[in-house]
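One structure is given below, encoded as structure tokens.
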Amino acid sequence: MNAVQVKKQAFLKEAGYFFKNASVHADEGDLQLSAGFILKALDKERRAFCVGPQVLHLIKSR
């Protein structure tokens, strides 16, 4: 695995951790804390899919 794949997997692992915590807290009835964990998980998923070279940086002239 290259560095980009490792970073992507790390973000997805963190997202899974946050989703699992969200589920636990939702089952306990703490919906506000659960919502916070869901937002954190979604942020980690977004970051995982944005890892890698950005097209604009490759074609942008200096």
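Each chain in the structure tokens gets a letter, A, B, ..., in the order shown, and its residues are numbered from 1; ligands are numbered from 1 in order too.
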Per DSSP on the backbone, filter chain A down to the residues in helix (DSSP H, G or I) and report them as a PyMOL selection string. chain A and resi 3-28+31-50+55-59
Shell of 12 Å around Lys13 (chain A), only C-alpha atoms, local chain residues under 2 positions omitted, as JSON, numbers by chain: {"A": [6, 7, 8, 9, 10, 11, 15, 16, 17, 18, 19, 20, 41, 42, 44, 45, 47, 48]}
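Here CA of Arg46 (chain A) and CA of Val24 (chain A) stand 22.3 Å from one another.
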Report the distance between CA of Ala22 (chain A) and CA of Gly36 (chain A) in Å, rounded to one decimal place.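 These two atoms are separated by 7.8 Å.
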Excluding same-chain residues fewer than 3 positions from Ala35 (chain A), what lies within 10 Å of it counting only C-alpha atoms, as a list in words? Phe19, Ala22, Ser23, His25, Ala26, Asp30, Leu31, Gln32, Ile38, Leu39, Lys40 and Ala41 of chain A
Resulting file, chosen residues, N, CA, C and O atoms, as a short mmCIF file (atom, residue, chain, number, x, y, z; two decimals), in the first residue's frame:
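Heads up, here's the output in selection-v7.cif:
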data_model
loop_
_atom_site.label_atom_id
_atom_site.label_comp_id
_atom_site.auth_asym_id
_atom_site.auth_seq_id
_atom_site.Cartn_x
_atom_site.Cartn_y
_atom_site.Cartn_z
N PHE A 19 -18.90 6.08 13.94
CA PHE A 19 -20.24 5.55 13.67
C PHE A 19 -20.64 4.52 14.73
O PHE A 19 -21.79 4.48 15.16
N ALA A 22 -21.59 6.40 17.77
CA ALA A 22 -22.89 7.05 17.55
C ALA A 22 -24.02 6.05 17.78
O ALA A 22 -25.03 6.38 18.41
N SER A 23 -23.84 4.84 17.30
CA SER A 23 -24.87 3.81 17.47
C SER A 23 -25.06 3.46 18.95
O SER A 23 -26.19 3.33 19.42
N HIS A 25 -24.43 5.35 21.60
CA HIS A 25 -25.07 6.45 22.31
C HIS A 25 -26.53 6.64 21.90
O HIS A 25 -27.37 7.02 22.72
N ALA A 26 -26.86 6.34 20.65
CA ALA A 26 -28.25 6.42 20.20
C ALA A 26 -29.08 5.35 20.91
O ALA A 26 -30.22 5.62 21.32
N ASP A 30 -28.99 8.99 24.12
CA ASP A 30 -28.30 10.28 24.07
C ASP A 30 -28.13 10.69 22.60
O ASP A 30 -27.08 10.50 21.99
N LEU A 31 -29.19 11.26 22.05
CA LEU A 31 -29.20 11.58 20.63
C LEU A 31 -28.29 12.75 20.27
O LEU A 31 -27.75 12.79 19.17
N GLN A 32 -28.11 13.68 21.18
CA GLN A 32 -27.24 14.83 20.89
C GLN A 32 -25.79 14.37 20.74
O GLN A 32 -25.10 14.77 19.80
N ILE A 38 -21.85 11.25 14.62
CA ILE A 38 -22.18 11.06 13.21
C ILE A 38 -21.52 12.16 12.36
O ILE A 38 -20.96 11.88 11.30
N LEU A 39 -21.57 13.39 12.84
CA LEU A 39 -20.93 14.49 12.09
C LEU A 39 -19.42 14.28 11.99
O LEU A 39 -18.83 14.53 10.93
N LYS A 40 -18.80 13.82 13.07
CA LYS A 40 -17.36 13.55 13.02
C LYS A 40 -17.05 12.42 12.03
O LYS A 40 -16.06 12.49 11.29
N ALA A 41 -17.89 11.39 12.02
CA ALA A 41 -17.69 10.27 11.11
C ALA A 41 -17.83 10.71 9.66
O ALA A 41 -17.03 10.32 8.80
#
